[in-house]
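**Q** Got a structure here, written out as structure tokens. Questions coming.
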Amino acid sequence: MHEVIFLKPVFKEMIWGGTRLRDDFCYDIPGERTGECWAVSAHPNGDCLVRGGSFDGKHLSELWKEKRELFGGMGGDVFPLLIKIIDAKADLSIQVHPDDAYAKEHENGALGKTECWYILDCDEDAKIVIGHHAETKEELRQMIEQKRWNDLIRVIPIKKGDFFQIVPGTVHAIKGGTLILETQQNSDITYRLYDYDRLQDGKPRELHIEKSIDVIGCPHKDVGAERTKQQIGGAVKEHLISCAYYSVDRLEVKGEADFAMNEAFCIFSVVGGAGEIDGIKLTKGDHFLLPSGYGSYRLSGDMELITSCTGN
Ligand code: ZN
């Protein structure tokens with residue numbers, strides 16, 4: 001099908017959220033602590049609506065259920081991806097996700113979660129949590145039981161434009177002063193390991209220590225981003241990562257460039273500037289999907305996009 005399918009984001013207020021989704025992206029946010037923009041989601045907790053076109057007003061979950069041909073006839077009960085923009089004004093809790101096999105067994109058949117982060121912007125001294133310093137499970141358990149969080153947690157400096165792939169079993173957390181675009185498997189299963197001993201409504205948030213210890217990989221191993229660049233007409237396409245669930249690229253368009261789509265579908269997020277796709281206007285903050293069989297497309301203007309594609 002040859003139609004660009006635009007989606008309307010859903011916003012989530014979070015104790016750690018801020019106002020950058022309004023200040024930087026001009027979204028109409030629900031409050032002063034808006035942490036997440038679910039830009040492309042078919043999750044029941046935030047099911048995006050189609051904006052305009054043949055499917056105007058339909059939920060993405062309905063398209064997945066009723067129009068599977070738009071997604072190349074891909075299998076699966078649920079739409080496979082979830083794209084978010086996250087505004088972390090304060091630190092998020094330190095967490096870990098299970099893989100598909102563990103989630104299936106321990107979480108009623110749910111999916112695990114692999115996710116990746118593109119740093120859209122961050123404070124000058126911003127940091128992020130990825131990994132830990134325990135060599136073995138025994139050491140991990142000991143450090144957790146003794147609450148030696150500073151010895152255990154690996155904190156690394158970040159800068160705008162950095163990219164991280166977070167595989168299941170990786171201890172991770174976004175820290176305050178960071179704006180990121182996240183591509184992830186459509187799953188909600190999160191084990192909270194440590195929440196900085198913070199209180200929410202007078203109580204600490206629930207932790208999941210035993211399940212965390214079960215799934216955390218020891219020792220931690222980094223997954224390097226690929227980051228190969230290719231000039232295509234007036235655009236630079238930078239490949240960030242390919243894994244079993246998604247392939248993510250960054251496009252920097254300056255002028256005009258023609259592309260061909262071979263995947264089951266591709267999601268585009270305009271994260272800077274403005275331009276057009278096949279003559280349709282695009283601006284920062286737009287998110288859209290090119291369905292299966294869309295074929296070749298032309299991007300023009302002066303803009304930066306992140307693409308998340310799946311299903312070859
Ligand atoms: Zn996560």
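Labeling convention for the structure tokens: chains A, B, ... as they appear, residues from 1 per chain, ligands from 1 in order of appearance.
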What lies within 6 Å of stretch 132-134 of chain A using only C-alpha atoms, ignoring chain neighbours under 2 positions off, as an MDAnalysis selection string?
**A** chainID A and resid 136 139:140 152:154
**Q** For ligand 1, list the contacting residues at 12 Å or closer, counting only C-alpha atoms and all ligand atoms, as a PyMOL selection string.
**A** chain A and resi 82+84+86+92-99+112-117+129-130+164-174+182-193
**Q** If you count only C-alpha atoms, which residues fall within 8 Å of stretch 226-243 of chain A, apart from same-chain ones fewer than 2 positions away, as a list of chain:residue names?
**A**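 Once the adjacent positions are removed, what remains is A:Phe163, A:Gln165, A:Gly224, A:Tyr245, A:Tyr246, A:Ser247, A:Val248, A:Asp249, A:Arg250, A:Leu251, A:Glu252, A:Val253, A:Lys254, A:Gly255, A:Glu256, A:Ala257, A:Asp258, A:Phe259.
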**Q** Write out as JSON, numbers by chain all residues of stretch 45-292 of chain A that DSSP puts in strand (DSSP E) for this structure's backbone.
**A** {"A": [46, 47, 49, 50, 51, 81, 82, 83, 84, 85, 86, 87, 88, 94, 95, 96, 115, 116, 117, 118, 119, 120, 121, 122, 127, 128, 129, 130, 131, 132, 153, 154, 155, 156, 157, 163, 164, 165, 166, 172, 173, 174, 178, 179, 180, 181, 182, 183, 184, 185, 191, 192, 193, 194, 199, 200, 203, 204, 228, 229, 230, 231, 232, 235, 236, 237, 238, 239, 240, 241, 242, 247, 248, 249, 250, 251, 252, 253, 254, 255, 256, 257, 258, 259, 260, 265, 266, 267, 268, 269, 270, 271, 272, 273, 274, 275, 276, 277, 280, 281, 282, 283, 287, 288, 289, 290]}
**Q** Taking only stretch 132-196 of chain A into account, list the residues labelled helix (DSSP H, G or I) by DSSP (computed from the backbone), as a PyMOL selection string.
**A** chain A and resi 137-145+149-152
**Q** Mind writing the picked residues with N, CA, C and O atoms as a short mmCIF file (atom, residue, chain, number, x, y, z; two decimals), in the first residue's frame?
**A**
data_model
loop_
_atom_site.label_atom_id
_atom_site.label_comp_id
_atom_site.auth_asym_id
_atom_site.auth_seq_id
_atom_site.Cartn_x
_atom_site.Cartn_y
_atom_site.Cartn_z
N LYS A 137 27.35 -14.14 39.83
CA LYS A 137 26.02 -14.02 40.47
C LYS A 137 26.17 -13.90 41.99
O LYS A 137 25.42 -13.16 42.62
N GLU A 138 27.12 -14.65 42.58
CA GLU A 138 27.30 -14.62 44.04
C GLU A 138 27.70 -13.22 44.47
O GLU A 138 27.18 -12.68 45.44
N GLU A 139 28.64 -12.64 43.71
CA GLU A 139 29.09 -11.29 44.03
C GLU A 139 27.94 -10.28 43.85
O GLU A 139 27.76 -9.37 44.65
N LEU A 140 27.15 -10.51 42.81
CA LEU A 140 26.00 -9.64 42.54
C LEU A 140 25.03 -9.67 43.73
O LEU A 140 24.62 -8.63 44.26
N ARG A 141 24.70 -10.90 44.17
CA ARG A 141 23.77 -11.05 45.29
C ARG A 141 24.31 -10.38 46.55
O ARG A 141 23.60 -9.66 47.24
N GLN A 142 25.60 -10.59 46.79
CA GLN A 142 26.23 -10.01 47.97
C GLN A 142 26.16 -8.48 47.95
O GLN A 142 25.78 -7.84 48.94
N MET A 143 26.53 -7.90 46.81
CA MET A 143 26.54 -6.43 46.71
C MET A 143 25.14 -5.87 46.88
O MET A 143 24.94 -4.82 47.48
N ILE A 144 24.13 -6.58 46.35
CA ILE A 144 22.74 -6.12 46.49
C ILE A 144 22.30 -6.23 47.95
O ILE A 144 21.76 -5.29 48.52
N GLU A 145 22.60 -7.40 48.57
CA GLU A 145 22.18 -7.60 49.97
C GLU A 145 22.85 -6.60 50.90
O GLU A 145 22.26 -6.15 51.88
N TRP A 149 25.41 -0.09 46.44
CA TRP A 149 24.95 0.35 45.12
C TRP A 149 26.03 1.08 44.33
O TRP A 149 26.16 0.89 43.12
N ASN A 150 26.80 1.92 45.02
CA ASN A 150 27.82 2.69 44.29
C ASN A 150 28.94 1.81 43.73
O ASN A 150 29.50 2.11 42.68
N ASP A 151 29.24 0.72 44.43
CA ASP A 151 30.24 -0.23 43.93
C ASP A 151 29.68 -1.06 42.78
O ASP A 151 30.39 -1.46 41.87
N LEU A 152 28.38 -1.33 42.86
CA LEU A 152 27.76 -2.25 41.90
C LEU A 152 27.42 -1.59 40.56
O LEU A 152 27.72 -2.12 39.50
#
**Q** If we count only C-alpha atoms, what is near A:Met74 at a cut-off of 10 Å, once residues fewer than 3 positions away on the same chain are taken out, given as a list in words?
**A**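 Near A:Met74, the qualifying residues are Trp64, Arg68, Glu69, Leu70, Phe71, Asp77, Phe79, Pro80, Ala264, Phe265, Ser292, Thr310, Gly311 and Asn312 of chain A.
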**Q** Looking at A:Val10, A:Leu199, A:Ile267, A:Val155, which one is nearest to A:Leu49, with distances taken over only C-alpha atoms?
**A**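 Of the candidates, the smallest distance to A:Leu49 is held by A:Val10.
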**Q** One decimal, in Å: what's the spacing between atom CA of A:Tyr297 and atom CA of A:Tyr118?
**A** 24.0 Å
**Q** Out of A:Glu13, A:Asp87, A:Asp23, A:Asp222, which residue has the shortest atom-to-atom distance to A:Cys122 when counting only C-alpha atoms?
**A** A:Asp87
**Q** A:Gly295, A:Gly52, A:Gly76, A:Gly46: which is nearest A:Glu263, counting only C-alpha atoms?
**A** A:Gly295
**Q** Pick from A:Pro44, A:Gly72, A:His287, A:Ile280: nearest to A:Met261, with only C-alpha atoms counted?
**A**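 Residue with the minimum atom-to-atom distance to A:Met261: A:Gly72.
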**Q** Which polymer residues have any atom within 7 Å of an atom of A:Glu276, counting only C-alpha atoms, with same-chain residues fewer than 3 positions away left out, as a count of residues only?
**A** 7
**Q** May I ask for the distance between atom CA of A:Ile83 and atom CA of A:Trp38, given in Å to one decimal place?
**A**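 Atom CA of A:Ile83 sits 6.1 Å away from atom CA of A:Trp38.
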**Q** Hey, which of A:Pro157, A:Gly285, A:Pro204, A:Gly53 ends up closest to A:Gly177? Count only C-alpha atoms.
**A**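 The shortest atom-to-atom distance to A:Gly177 comes from A:Pro157.
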**Q** Just to confirm, what's the straight-line distance from atom CA of A:Pro219 to atom CA of A:Tyr194 in Å (one decimal)?
**A**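 Calculated distance between atom CA of A:Pro219 and atom CA of A:Tyr194 is 18.5 Å.
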**Q** Contacts of A:Lys284 at 8 Å or less, counting only C-alpha atoms, minus same-chain residues fewer than 5 places along, as number ranges by chain?
**A** A: 25, 270-274, 303
